[in-house]
$ cat input.pdb   # PDB, C-alpha atoms and all ligand atoms
MODEL        1
ATOM      1  CA  MET X   1       0.000   0.000   0.000
ATOM      2  CA  GLU X   2       1.233   3.498  -0.863
ATOM      3  CA  LYS X   3       2.662   5.694   1.903
ATOM      4  CA  THR X   4       3.235   9.428   2.149
ATOM      5  CA  PHE X   5       4.960  11.802   4.530
ATOM      6  CA  LEU X   6       2.873  14.657   5.940
ATOM      7  CA  MET X   7       4.035  17.229   8.467
ATOM      8  CA  VAL X   8       2.147  19.893  10.403
ATOM      9  CA  LYS X   9       4.496  22.875  10.198
ATOM     10  CA  PRO X  10       5.372  25.102  13.213
ATOM     11  CA  ASP X  11       2.463  27.473  12.442
ATOM     12  CA  GLY X  12      -0.021  24.572  12.418
ATOM     13  CA  VAL X  13       1.273  23.303  15.769
ATOM     14  CA  GLN X  14       1.100  26.802  17.295
ATOM     15  CA  ARG X  15      -2.431  27.280  15.988
ATOM     16  CA  ASN X  16      -3.670  24.031  17.589
ATOM     17  CA  LEU X  17      -4.356  22.384  14.244
ATOM     18  CA  VAL X  18      -2.575  19.053  14.879
ATOM     19  CA  GLY X  19      -5.793  17.293  15.876
ATOM     20  CA  GLU X  20      -7.714  18.778  12.951
ATOM     21  CA  MET X  21      -5.024  17.618  10.500
ATOM     22  CA  VAL X  22      -5.022  14.078  11.907
ATOM     23  CA  SER X  23      -8.812  14.070  11.865
ATOM     24  CA  ARG X  24      -9.102  15.083   8.221
ATOM     25  CA  PHE X  25      -6.866  12.266   6.988
ATOM     26  CA  GLU X  26      -8.457   9.730   9.354
ATOM     27  CA  ARG X  27     -11.971  10.612   8.221
ATOM     28  CA  LYS X  28     -10.960  10.384   4.561
ATOM     29  CA  GLY X  29     -10.057   6.749   5.200
ATOM     30  CA  PHE X  30      -6.266   6.809   5.363
ATOM     31  CA  LYS X  31      -4.351   4.867   7.984
ATOM     32  CA  LEU X  32      -1.865   6.543  10.351
ATOM     33  CA  VAL X  33       1.246   4.351  10.527
ATOM     34  CA  GLY X  34       3.762   6.731  12.133
ATOM     35  CA  ALA X  35       3.714  10.034  14.028
ATOM     36  CA  LYS X  36       5.857  12.180  16.296
ATOM     37  CA  LEU X  37       6.225  15.716  17.600
ATOM     38  CA  MET X  38       9.773  16.868  17.011
ATOM     39  CA  GLN X  39      12.024  19.834  16.384
ATOM     40  CA  MET X  40      13.943  19.739  13.095
ATOM     41  CA  SER X  41      17.672  20.477  13.160
ATOM     42  CA  ASP X  42      19.203  22.884  10.670
ATOM     43  CA  ASP X  43      20.886  19.981   8.832
ATOM     44  CA  MET X  44      17.661  18.022   8.603
ATOM     45  CA  ALA X  45      15.732  21.045   7.296
ATOM     46  CA  LYS X  46      18.383  21.698   4.639
ATOM     47  CA  THR X  47      18.207  18.067   3.492
ATOM     48  CA  HIS X  48      14.407  18.058   3.537
ATOM     49  CA  TYR X  49      14.219  21.199   1.389
ATOM     50  CA  ASP X  50      17.353  20.587  -0.747
ATOM     51  CA  GLU X  51      15.300  20.829  -3.964
ATOM     52  CA  HIS X  52      14.746  24.505  -3.107
ATOM     53  CA  GLN X  53      18.358  25.376  -2.247
ATOM     54  CA  ASP X  54      18.715  27.801  -5.166
ATOM     55  CA  LYS X  55      15.406  29.587  -4.532
ATOM     56  CA  PRO X  56      15.358  33.055  -2.943
ATOM     57  CA  PHE X  57      13.111  31.846  -0.101
ATOM     58  CA  TYR X  58      15.328  28.871   0.902
ATOM     59  CA  GLY X  59      16.935  30.607   3.895
ATOM     60  CA  GLU X  60      13.595  31.767   5.264
ATOM     61  CA  LEU X  61      12.085  28.336   4.678
ATOM     62  CA  VAL X  62      14.808  26.555   6.677
ATOM     63  CA  GLU X  63      14.613  29.184   9.419
ATOM     64  CA  PHE X  64      10.833  28.870   9.676
ATOM     65  CA  ILE X  65      10.630  25.076   9.663
ATOM     66  CA  THR X  66      13.216  24.880  12.469
ATOM     67  CA  SER X  67      11.560  27.659  14.521
ATOM     68  CA  GLY X  68       9.351  25.367  16.611
ATOM     69  CA  PRO X  69       8.010  21.845  16.934
ATOM     70  CA  VAL X  70       6.536  20.086  13.911
ATOM     71  CA  PHE X  71       4.239  17.057  13.884
ATOM     72  CA  ALA X  72       5.623  14.469  11.453
ATOM     73  CA  MET X  73       3.374  11.696  10.155
ATOM     74  CA  VAL X  74       3.340   8.740   7.792
ATOM     75  CA  TRP X  75      -0.029   7.883   6.249
ATOM     76  CA  GLU X  76      -0.987   4.875   4.180
ATOM     77  CA  GLY X  77      -3.710   4.258   1.583
ATOM     78  CA  GLU X  78      -4.482   3.892  -2.106
ATOM     79  CA  ASN X  79      -3.170   6.957  -3.982
ATOM     80  CA  VAL X  80      -2.467   8.666  -0.659
ATOM     81  CA  ILE X  81       0.325  10.838  -2.127
ATOM     82  CA  ALA X  82      -1.861  12.550  -4.733
ATOM     83  CA  ILE X  83      -5.032  12.639  -2.649
ATOM     84  CA  ALA X  84      -3.266  14.182   0.357
ATOM     85  CA  ARG X  85      -1.810  16.876  -1.926
ATOM     86  CA  ASP X  86      -5.331  17.638  -3.186
ATOM     87  CA  MET X  87      -6.634  17.780   0.382
ATOM     88  CA  MET X  88      -3.836  20.244   1.271
ATOM     89  CA  GLY X  89      -4.645  22.582  -1.635
ATOM     90  CA  LYS X  90      -2.353  24.861  -3.607
ATOM     91  CA  THR X  91       0.937  26.002  -2.039
ATOM     92  CA  ASN X  92      -0.197  29.630  -1.835
ATOM     93  CA  PRO X  93      -3.308  29.894   0.379
ATOM     94  CA  LEU X  94      -4.477  32.773  -1.859
ATOM     95  CA  GLU X  95      -4.976  30.196  -4.627
ATOM     96  CA  ALA X  96      -6.063  27.259  -2.466
ATOM     97  CA  ALA X  97      -9.722  26.320  -2.792
ATOM     98  CA  PRO X  98     -12.056  26.549   0.204
ATOM     99  CA  GLY X  99     -12.438  23.089   1.670
ATOM    100  CA  THR X 100      -8.729  22.358   1.334
ATOM    101  CA  ILE X 101      -6.450  22.678   4.362
ATOM    102  CA  ARG X 102      -4.565  25.696   3.043
ATOM    103  CA  GLY X 103      -7.786  27.193   1.683
ATOM    104  CA  ASP X 104      -9.478  26.859   5.049
ATOM    105  CA  TYR X 105      -6.605  27.763   7.404
ATOM    106  CA  GLY X 106      -3.724  29.381   5.495
ATOM    107  CA  MET X 107      -3.147  33.091   4.935
ATOM    108  CA  THR X 108       0.390  33.321   3.472
ATOM    109  CA  VAL X 109       2.644  31.084   1.366
ATOM    110  CA  GLY X 110       5.310  30.990   4.080
ATOM    111  CA  LYS X 111       2.902  29.856   6.797
ATOM    112  CA  ASN X 112       0.777  27.305   4.966
ATOM    113  CA  ILE X 113       0.155  24.823   7.805
ATOM    114  CA  ILE X 114       1.222  21.516   6.309
ATOM    115  CA  HIS X 115       3.802  19.793   4.137
ATOM    116  CA  GLY X 116       3.124  16.738   1.989
ATOM    117  CA  SER X 117       5.339  14.614  -0.272
ATOM    118  CA  ASP X 118       4.761  15.407  -3.950
ATOM    119  CA  SER X 119       5.850  12.100  -5.571
ATOM    120  CA  PRO X 120       6.695   8.478  -4.711
ATOM    121  CA  GLU X 121      10.396   9.431  -4.785
ATOM    122  CA  SER X 122       9.986  12.334  -2.354
ATOM    123  CA  ALA X 123       7.728  10.226  -0.107
ATOM    124  CA  GLU X 124      10.425   7.553   0.199
ATOM    125  CA  LYS X 125      13.168  10.113   0.801
ATOM    126  CA  GLU X 126      11.143  12.025   3.401
ATOM    127  CA  ILE X 127       9.854   8.969   5.293
ATOM    128  CA  ASN X 128      13.449   7.728   5.581
ATOM    129  CA  LEU X 129      14.706  11.144   6.668
ATOM    130  CA  PHE X 130      12.161  11.475   9.496
ATOM    131  CA  PHE X 131      11.455   7.910  10.635
ATOM    132  CA  GLN X 132      13.390   4.787  11.600
ATOM    133  CA  ASP X 133      11.949   1.557  10.153
ATOM    134  CA  ASN X 134      10.706   0.467  13.607
ATOM    135  CA  GLU X 135       8.719   3.700  14.010
ATOM    136  CA  ILE X 136       6.462   2.761  11.070
ATOM    137  CA  LYS X 137       3.730   0.413  12.230
ATOM    138  CA  THR X 138       2.069  -2.372  10.262
ATOM    139  CA  TYR X 139      -1.393  -3.260  11.536
ATOM    140  CA  SER X 140      -4.807  -4.117  10.186
ATOM    141  CA  LYS X 141      -7.913  -2.043  10.797
ATOM    142  CA  GLN X 142     -11.405  -3.437  10.858
ATOM    143  CA  ASP X 143     -12.841  -0.662   8.694
ATOM    144  CA  SER X 144     -10.610  -1.383   5.670
ATOM    145  CA  GLU X 145     -13.214  -3.527   3.953
ATOM    146  CA  TRP X 146     -15.708  -0.646   4.204
ATOM    147  CA  ILE X 147     -13.259   1.798   2.610
ATOM    148  CA  TYR X 148     -11.950  -0.244  -0.337
TER
HETATM  149  P1  LIG X 201       5.474  21.688   0.794
HETATM  150  O1  LIG X 201       6.753  21.221   0.124
HETATM  151  O2  LIG X 201       5.706  22.476   2.051
HETATM  152  O3  LIG X 201       4.492  20.571   0.958
HETATM  153  O4  LIG X 201       4.742  22.710  -0.172
HETATM  154  P2  LIG X 201       4.565  22.615  -1.719
HETATM  155  O5  LIG X 201       5.112  21.348  -2.265
HETATM  156  O6  LIG X 201       3.152  22.954  -1.995
HETATM  157  O7  LIG X 201       5.464  23.825  -2.190
HETATM  158  P3  LIG X 201       7.011  23.854  -2.612
HETATM  159  O8  LIG X 201       7.115  24.443  -3.960
HETATM  160  O9  LIG X 201       7.663  22.529  -2.375
HETATM  161  O10 LIG X 201       7.588  24.913  -1.577
HETATM  162  C1  LIG X 201       7.942  24.518  -0.271
HETATM  163  C2  LIG X 201       7.486  25.565   0.698
HETATM  164  O11 LIG X 201       8.232  26.735   0.494
HETATM  165  C3  LIG X 201       7.434  27.860   0.814
HETATM  166  N1  LIG X 201       7.437  28.772  -0.327
HETATM  167  N2  LIG X 201       7.629  30.050  -0.217
HETATM  168  N3  LIG X 201       8.016  32.807  -0.764
HETATM  169  C4  LIG X 201       7.678  31.993  -1.740
HETATM  170  O12 LIG X 201       7.496  32.372  -2.869
HETATM  171  C5  LIG X 201       7.536  30.569  -1.430
HETATM  172  N4  LIG X 201       7.300  29.614  -2.306
HETATM  173  C6  LIG X 201       7.237  28.460  -1.596
HETATM  174  C7  LIG X 201       6.039  27.387   1.102
HETATM  175  O13 LIG X 201       5.851  27.354   2.515
HETATM  176  C8  LIG X 201       6.029  25.985   0.529
HETATM  177  O14 LIG X 201       5.124  25.164   1.220
HETATM  178 MG    MG X 202       7.048  20.645  -1.826
ENDMDL
END
$ encode --input "input.pdb" --output "structure tokens" --more "lines below"
Ligand code: RTP
Ligand code: MG
Amino acid sequence: MEKTFLMVKPDGVQRNLVGEMVSRFERKGFKLVGAKLMQMSDDMAKTHYDEHQDKPFYGELVEFITSGPVFAMVWEGENVIAIARDMMGKTNPLEAAPGTIRGDYGMTVGKNIIHGSDSPESAEKEINLFFQDNEIKTYSKQDSEWIY
């Protein structure tokens, strides 16, 4: 089953949106298989955002993501990578549709509540960056047959 990496950013944690974020993905039907509250180091943030290292906002991005605790999660489900991205909405909350996370809660592109992997390659890289193998749980849930 496909897995993705999602992370409530420091603004989402400060705004008490951790529970709401977990709830949205739970209610959709995805399965939570890993989660932790943590503070990212500078090195980890630079690795996580290395694709943006040449962008003008890279410094600010690394500074912001390390500025407070984040809530890192691994979610599992059919097409979870693409569906979670749709549920998050466009990067800039100004363009994100109402009903999406960024459309409902975001106000600026820098503080847009949540991160989500954008491809199978980034999901694998990000899950391995944030989680040890033994922190990802394999378990069955009784509701699976009512979801798929
Ligand atoms: P994310 O990686 O956080 O899930 O967001 P994303 O894929 O939708 O957006 P991406 O292009 O990967 O950008 C990563 C984060 O950088 C910040 N950003 N700032 N100032 C700017 O123009 C700008 N552009 C992007 C956003 O916080 C974005 O989520
Ligand atoms: Mg991205």
$ resolve_selection --input "input.pdb" --expression "the PyMOL selection byres (((chain X and resi 11) around 9) and not hetatm)" --output "count of residues only"
17
$ resolve_selection --input "input.pdb" --expression "the PyMOL selection byres (((not hetatm)) within 7 of (chain X and resi 202))" --output "PyMOL selection string"
chain X and resi 115-118
$ atom_distance --input "input.pdb" --atom1 "CA of Glu78 (chain X)" --atom2 "CA of Lys31 (chain X)"
10.1 Å
$ resolve_selection --input "input.pdb" --expression "the PyMOL selection byres (((chain X and resi 41) around 12) and not hetatm)" --output "list of chain:residue names"
X:Met38, X:Gln39, X:Met40, X:Asp42, X:Asp43, X:Met44, X:Ala45, X:Lys46, X:Thr47, X:His48, X:Val62, X:Glu63, X:Phe64, X:Ile65, X:Thr66, X:Ser67, X:Gly68, X:Pro69, X:Val70, X:Leu129, X:Phe130
$ atom_distance --input "input.pdb" --atom1 "atom N4 of ligand LIG 201 (chain X)" --atom2 "CA of Tyr49 (chain X)"
11.5 Å
